[in-house]
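J.: Dropping in target23.csv, with CSV, C-alpha atoms.
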```csv
chain,number,residue,atom,x,y,z
A,15,MET,CA,13.7,-7.1,12.4
A,16,ARG,CA,12.0,-10.1,14.0
A,17,MET,CA,8.5,-10.3,15.1
A,18,THR,CA,6.1,-12.8,16.8
A,19,VAL,CA,3.4,-14.5,14.7
A,20,GLN,CA,0.3,-15.9,16.3
A,21,GLY,CA,0.0,-19.6,16.0
A,22,VAL,CA,3.7,-20.2,15.3
A,23,GLY,CA,6.3,-21.5,17.7
A,24,PRO,CA,8.1,-19.3,20.2
A,25,GLU,CA,10.9,-18.4,17.7
A,26,PRO,CA,9.2,-18.3,14.3
A,27,ALA,CA,11.4,-17.8,11.3
A,28,VAL,CA,9.7,-14.5,10.5
A,29,ARG,CA,11.4,-11.2,9.7
A,30,LEU,CA,10.7,-7.8,8.2
A,31,ARG,CA,13.3,-6.5,5.8
A,32,PRO,CA,13.8,-3.9,3.1
A,33,ALA,CA,12.8,-5.1,-0.4
A,34,ARG,CA,15.4,-5.8,-3.0
A,35,ARG,CA,15.3,-5.4,-6.8
A,36,GLU,CA,14.9,-9.2,-7.1
A,37,ASP,CA,11.7,-9.0,-5.1
A,38,THR,CA,9.8,-7.0,-7.7
A,39,GLN,CA,7.6,-9.9,-9.0
A,40,ALA,CA,6.3,-10.6,-5.5
A,41,ILE,CA,5.8,-6.8,-4.9
A,42,ALA,CA,3.8,-6.5,-8.1
A,43,ARG,CA,1.5,-9.5,-7.1
A,44,LEU,CA,1.0,-8.0,-3.6
A,45,PHE,CA,0.3,-4.6,-5.0
A,46,LEU,CA,-2.4,-5.9,-7.3
A,47,MET,CA,-4.1,-7.3,-4.2
A,48,SER,CA,-3.5,-4.3,-2.0
A,49,SER,CA,-5.0,-1.9,-4.6
A,50,ASP,CA,-8.0,-4.1,-5.2
A,51,ARG,CA,-6.8,-4.2,-8.8
A,52,LEU,CA,-6.7,-0.5,-9.4
A,53,ALA,CA,-3.0,-1.2,-10.3
A,54,ALA,CA,-4.3,-3.5,-13.0
A,55,TYR,CA,-5.9,-0.5,-14.6
A,56,ILE,CA,-2.8,1.7,-14.3
A,57,TRP,CA,-0.4,-1.0,-15.6
A,58,SER,CA,-2.7,-1.8,-18.5
A,59,ARG,CA,-2.3,1.8,-19.7
A,60,LEU,CA,1.5,1.4,-19.6
A,61,ALA,CA,1.8,-2.1,-21.2
A,62,GLU,CA,1.7,-3.3,-24.7
A,63,PRO,CA,-1.6,-5.1,-25.7
A,64,GLY,CA,-1.5,-8.6,-24.3
A,65,ALA,CA,1.5,-8.0,-22.0
A,66,ASP,CA,1.6,-9.7,-18.7
A,67,LEU,CA,0.5,-7.2,-16.0
A,68,VAL,CA,2.6,-8.7,-13.2
A,69,ALA,CA,5.7,-8.3,-15.4
A,70,THR,CA,4.7,-4.7,-16.2
A,71,GLY,CA,4.2,-4.0,-12.5
A,72,ALA,CA,7.6,-5.6,-11.6
A,73,ALA,CA,9.3,-3.4,-14.2
A,74,ARG,CA,7.7,-0.4,-12.6
A,75,TYR,CA,8.9,-1.3,-9.2
A,76,ALA,CA,12.4,-2.1,-10.4
A,77,ARG,CA,13.0,1.6,-10.9
A,78,GLU,CA,14.9,3.6,-8.3
A,79,ASN,CA,14.6,7.1,-6.8
A,80,THR,CA,10.8,7.3,-7.5
A,81,ALA,CA,7.8,6.8,-5.2
A,82,PHE,CA,6.7,3.5,-6.8
A,83,SER,CA,10.0,1.7,-6.3
A,84,TYR,CA,11.1,-1.4,-4.4
A,85,GLN,CA,13.2,1.1,-2.4
A,86,ASN,CA,10.0,2.2,-0.6
A,87,CYS,CA,8.9,-1.3,0.1
A,88,HIS,CA,9.4,-3.6,3.1
A,89,LEU,CA,8.6,-7.3,3.1
A,90,ALA,CA,7.5,-9.8,5.7
A,91,GLU,CA,9.2,-13.2,5.2
A,92,VAL,CA,8.1,-16.5,6.7
A,93,ASP,CA,10.6,-19.3,6.6
A,94,GLY,CA,12.5,-17.3,3.9
A,95,GLN,CA,9.4,-16.9,1.7
A,96,VAL,CA,7.9,-13.5,0.9
A,97,ALA,CA,4.6,-13.4,2.8
A,98,GLY,CA,3.5,-9.7,2.8
A,99,MET,CA,4.5,-6.2,1.8
A,100,LEU,CA,4.3,-2.6,3.1
A,101,HIS,CA,4.8,0.2,0.5
A,102,ALA,CA,5.0,3.6,2.1
A,103,PHE,CA,6.6,7.0,1.3
A,104,GLU,CA,6.3,10.7,2.2
A,105,LEU,CA,3.6,12.2,0.0
A,106,THR,CA,4.5,15.5,-1.5
A,107,ALA,CA,2.2,18.1,-3.1
A,108,SER,CA,1.9,18.0,-6.9
A,109,ALA,CA,0.7,20.7,-9.2
A,110,ALA,CA,-0.3,18.1,-11.9
A,111,VAL,CA,-4.0,17.6,-12.5
A,112,GLU,CA,-5.2,14.1,-13.0
A,113,THR,CA,-7.2,14.0,-16.3
A,114,ASP,CA,-8.1,10.3,-16.3
A,115,PRO,CA,-11.6,10.0,-14.8
A,116,VAL,CA,-11.0,6.6,-13.3
A,117,LEU,CA,-7.9,7.8,-11.5
A,118,ARG,CA,-9.1,11.3,-10.6
A,119,PRO,CA,-10.9,10.3,-7.3
A,120,TYR,CA,-7.7,8.9,-5.9
A,121,ALA,CA,-5.6,11.9,-6.8
A,122,GLU,CA,-8.2,14.1,-5.1
A,123,LEU,CA,-7.8,12.1,-1.9
A,124,GLU,CA,-4.1,12.6,-1.5
A,125,ASP,CA,-2.8,14.1,1.8
A,126,PRO,CA,0.5,15.8,1.1
A,127,GLY,CA,2.9,15.9,4.1
A,128,SER,CA,1.7,12.5,5.4
A,129,LEU,CA,3.4,9.1,5.2
A,130,TYR,CA,1.3,7.6,2.5
A,131,ILE,CA,0.7,3.8,2.9
A,132,ALA,CA,0.4,3.0,-0.8
A,133,GLY,CA,0.2,-0.7,-0.3
A,134,LEU,CA,-0.3,-3.3,2.4
A,135,ALA,CA,-1.0,-6.9,1.5
A,136,VAL,CA,-0.3,-10.4,2.8
A,137,PHE,CA,-0.6,-13.5,0.6
A,138,PRO,CA,-3.7,-15.6,1.6
A,139,GLU,CA,-1.8,-18.5,3.0
A,140,TYR,CA,-0.1,-16.2,5.6
A,141,ARG,CA,-3.1,-14.2,6.7
A,142,ARG,CA,-4.4,-13.9,10.3
A,143,LYS,CA,-0.9,-14.4,11.7
A,144,GLY,CA,-0.2,-10.8,12.7
A,145,LEU,CA,1.9,-9.9,9.7
A,146,ALA,CA,-0.3,-7.0,8.6
A,147,ARG,CA,-0.1,-5.5,12.1
A,148,GLY,CA,3.6,-6.0,12.2
A,149,LEU,CA,4.0,-4.2,8.9
A,150,MET,CA,1.8,-1.3,10.0
A,151,ALA,CA,3.8,-0.9,13.2
A,152,LEU,CA,6.8,-0.5,10.8
A,153,ALA,CA,4.9,2.2,9.0
A,154,ASP,CA,4.5,4.1,12.3
A,155,THR,CA,8.3,3.8,12.9
A,156,HIS,CA,8.9,5.2,9.4
A,157,ALA,CA,6.7,8.2,10.0
A,158,GLN,CA,8.3,9.0,13.3
A,159,THR,CA,11.8,8.6,11.9
A,160,ARG,CA,10.8,11.1,9.1
A,161,GLY,CA,9.2,13.5,11.6
A,162,LEU,CA,5.8,13.1,10.0
A,163,SER,CA,2.9,13.7,12.3
A,164,ARG,CA,0.3,11.7,10.4
A,165,GLN,CA,-0.2,8.7,8.1
A,166,SER,CA,-2.7,8.3,5.3
A,167,LEU,CA,-4.0,5.5,3.0
A,168,ILE,CA,-6.9,4.9,0.6
A,169,CYS,CA,-9.3,2.0,1.1
A,170,PHE,CA,-12.6,1.0,-0.6
A,171,ASN,CA,-15.6,1.2,1.6
A,172,ARG,CA,-16.6,-2.3,0.4
A,173,ASN,CA,-13.4,-3.9,1.6
A,174,LEU,CA,-14.8,-4.5,5.0
A,175,TYR,CA,-12.0,-6.7,6.3
A,176,ALA,CA,-9.4,-4.0,5.5
A,177,LEU,CA,-11.5,-1.3,7.0
A,178,SER,CA,-11.9,-3.2,10.2
A,179,LEU,CA,-8.1,-3.7,10.5
A,180,TYR,CA,-7.5,0.0,9.9
A,181,ALA,CA,-10.1,1.2,12.3
A,182,ASP,CA,-8.6,-1.1,15.0
A,183,LEU,CA,-5.2,0.5,14.2
A,184,GLY,CA,-6.6,4.0,14.8
A,185,PHE,CA,-7.4,5.2,11.3
A,186,ALA,CA,-10.4,7.3,10.7
A,187,GLU,CA,-12.1,8.6,7.6
A,188,ILE,CA,-11.1,12.0,6.4
A,189,ASP,CA,-12.7,12.3,3.0
A,190,ARG,CA,-14.3,10.1,0.3
A,191,ARG,CA,-14.9,10.0,-3.4
A,192,ALA,CA,-17.3,7.9,-5.5
A,193,VAL,CA,-15.6,5.0,-7.4
A,194,ILE,CA,-15.7,5.4,-11.2
A,195,PRO,CA,-16.3,1.8,-12.5
A,196,HIS,CA,-14.0,0.0,-14.8
A,197,PRO,CA,-13.8,-3.8,-15.6
A,198,SER,CA,-10.2,-3.9,-14.2
A,199,LEU,CA,-11.4,-2.9,-10.7
A,200,ARG,CA,-12.5,-5.3,-8.0
A,201,TYR,CA,-15.3,-2.9,-6.9
A,202,GLN,CA,-17.5,-1.3,-9.5
A,203,ASP,CA,-19.4,0.9,-7.1
A,204,GLY,CA,-19.2,2.5,-3.6
A,205,PHE,CA,-16.6,4.9,-2.4
A,206,ALA,CA,-12.8,5.3,-2.1
A,207,LEU,CA,-12.0,6.5,1.5
A,208,LEU,CA,-9.1,8.6,2.6
A,209,LEU,CA,-8.2,7.3,6.1
A,210,GLY,CA,-5.6,8.9,8.4
A,211,ARG,CA,-4.1,8.4,11.9
A,212,SER,CA,-1.8,10.4,14.0
A,213,THR,CA,1.8,9.2,14.4
A,214,GLY,CA,2.0,10.5,17.9
A,215,ILE,CA,4.4,13.3,17.3
A,216,THR,CA,3.9,17.1,17.0
A,217,GLU,CA,4.9,19.0,13.9
A,218,THR,CA,7.1,21.9,14.6
A,219,SER,CA,7.3,25.0,12.4
A,220,PRO,CA,10.7,26.4,11.4
A,221,LEU,CA,11.8,29.6,13.2
```
Is it possible to give me this structure as C-alpha cells?

T.:
Amino acid sequence: MRMTVQGVGPEPAVRLRPARREDTQAIARLFLMSSDRLAAYIWSRLAEPGADLVATGAARYARENTAFSYQNCHLAEVDGQVAGMLHAFELTASAAVETDPVLRPYAELEDPGSLYIAGLAVFPEYRRKGLARGLMALADTHAQTRGLSRQSLICFNRNLYALSLYADLGFAEIDRRAVIPHPSLRYQDGFALLLGRSTGITETSPL
C-alpha cells in the first residue's frame, strides 16, 4: 500500500506493509515509545536481571498466533527504512483478573469486541509527515474488514500531542483510571484514558 507524505516529492518511496519476523527489533523500539514505557515495566518482569529490554520485547513479538505478535503489526517504510508501526487486533473478553497493581488500571480499561490499537508510533525523524494518520486509516480498514463497529485505544492524559491527534481522528474518552506510578513509566501521575471511535458500520445480531 502506497501513501502520500507531506513535504515529500510527488511519488515518495513510502509504503505500508505487514510486519515480518525480522522486524521485531524495530517493533520493540516503537512499542516502547507508543506505550510511554509501560512496556518497559512489563518486559522487565519477564526478563532476567540486566537483560536488554529491546531484545526481550523483540522475542515477545517474534511469537506467532498471539495478540502481541509481529503478525498483528503493520509498518510504515520510508525509502526502505522502518519509520512507524501500527499494532492492532480484535480484543476478546478475558476472565483473568489482573493482580499487578501497576497493570490493573489498563486491564480495567479494555473494551472487548473492539479493534484494539495496542500501539501506534513513528520514529522522531519521520514525524509530522502524515505517517501516523496513514497507519490509523489502515486501522479503520482492519476494523471494517473484521466487521467491528468500533475501535479503542489507551492514552495517557499527559500525552497532549497524542491526545490531539486522536481527537482529530474522531476518538472520544470513554473511561479513565488513575496511573499507578513506577520508575519505568514515562508519566508518574495523571490518568490512563480509554478512547474509542466508531468504524462507521453497524453491528448485526445473529438470527

J.: Per residue of range 51-119 of chain A within 12 Å of range 40-46 of chain A, what are the shortest atom pair and its distance in Å to one decimal, counting all atoms listed in the file, with rows by chain and residue number, as a tab-separated table?

T.:
```
residue	atom	partner	partner_atom	distance
A:Arg51	CA	A:Leu46	CA	4.9
A:Leu52	CA	A:Leu46	CA	7.2
A:Ala53	CA	A:Leu46	CA	5.6
A:Ala54	CA	A:Leu46	CA	6.5
A:Tyr55	CA	A:Leu46	CA	9.7
A:Ile56	CA	A:Leu46	CA	10.3
A:Trp57	CA	A:Leu46	CA	9.8
A:Ser58	CA	A:Leu46	CA	11.9
A:Asp66	CA	A:Ala42	CA	11.3
A:Leu67	CA	A:Ala42	CA	8.6
A:Val68	CA	A:Ala42	CA	5.7
A:Ala69	CA	A:Ala42	CA	7.8
A:Thr70	CA	A:Ala42	CA	8.3
A:Gly71	CA	A:Ala42	CA	5.1
A:Ala72	CA	A:Ala42	CA	5.2
A:Ala73	CA	A:Ala42	CA	8.8
A:Arg74	CA	A:Ala42	CA	8.5
A:Tyr75	CA	A:Ala42	CA	7.4
A:Ala76	CA	A:Ile41	CA	9.8
A:Phe82	CA	A:Phe45	CA	10.5
A:Ser83	CA	A:Ile41	CA	9.6
A:Tyr84	CA	A:Ile41	CA	7.6
A:Gln85	CA	A:Ile41	CA	11.1
A:Asn86	CA	A:Ile41	CA	10.8
A:Cys87	CA	A:Ile41	CA	8.1
A:His88	CA	A:Ile41	CA	9.3
A:Leu89	CA	A:Ile41	CA	8.5
A:Ala90	CA	A:Ile41	CA	11.1
A:Glu91	CA	A:Ala40	CA	11.4
A:Gln95	CA	A:Ala40	CA	10.1
A:Val96	CA	A:Ala40	CA	7.2
A:Ala97	CA	A:Ala40	CA	8.9
A:Gly98	CA	A:Leu44	CA	7.1
A:Met99	CA	A:Leu44	CA	6.7
A:Leu100	CA	A:Ile41	CA	9.2
A:His101	CA	A:Phe45	CA	8.6
A:Ala102	CA	A:Phe45	CA	11.8
```

J.: Could you please determine the separation between CA of Leu117 in chain A and CA of Ser178 in chain A in Å, to one decimal place?

T.: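 Atom-to-atom, CA of Leu117 in chain A and CA of Ser178 in chain A are spaced 24.7 Å apart.
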
J.: Taking all atoms listed in the file into account, name the residue in A:His156, A:Arg190, A:Lys143, A:His196 that is nearest to Glu124 in chain A.

T.: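 For Glu124 in chain A, the nearest of the given residues is A:Arg190.
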
J.: Of the candidates A:Ala61, A:Ile194, A:Val28, A:Ile168, which shows the shortest atom-to-atom distance to Tyr180 in chain A, using only C-alpha atoms?

T.: A:Ile168

J.: Nearest to Ala151 in chain A among A:Arg172, A:Leu134, A:Glu187, A:Asn79, with distances taken over only C-alpha atoms: which residue is it?

T.: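 Result for the nearest residue to Ala151 in chain A: A:Leu134.
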
J.: Residues proximal to (2.0, 17.0, -7.6) were defined as those with any atom within 12 Å of that point in the file's coordinates, counting all atoms listed in the file. Which are they, as JSON, numbers by chain?

T.: {"A": [81, 105, 106, 107, 108, 109, 110, 111, 112, 121, 122, 124, 125, 126, 127]}

J.: In Å, rounded to a single decimal, give me how far CA of Val193 in chain A is from CA of Leu123 in chain A.

T.: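 For CA of Leu123 in chain A relative to CA of Val193 in chain A, the distance reads 11.9 Å.
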
J.: In terms of the shortest atom-to-atom distance over only C-alpha atoms, which of A:Glu104, A:Asp182, A:Glu62, A:Asp50 is closest to Ser198 in chain A?

T.: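 For Ser198 in chain A, the nearest of the candidates is A:Asp50.
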
J.: Could you jot down the CA of Thr155 in chain A to CA of Ala176 in chain A separation for me, Å, one decimal place?

T.: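 These atoms are spaced 20.7 Å apart.
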
J.: Between A:Ala186, A:Ala27, A:Leu208, A:Ala135, single out the one closest to Ser48 in chain A, counting all atoms listed in the file.

T.: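 The shortest atom-to-atom distance to Ser48 in chain A comes from A:Ala135.
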
J.: Which is closest to Glu139 in chain A among A:Val92, A:Thr213, A:Arg160, A:Ala33, if we use all atoms listed in the file?

T.: A:Val92
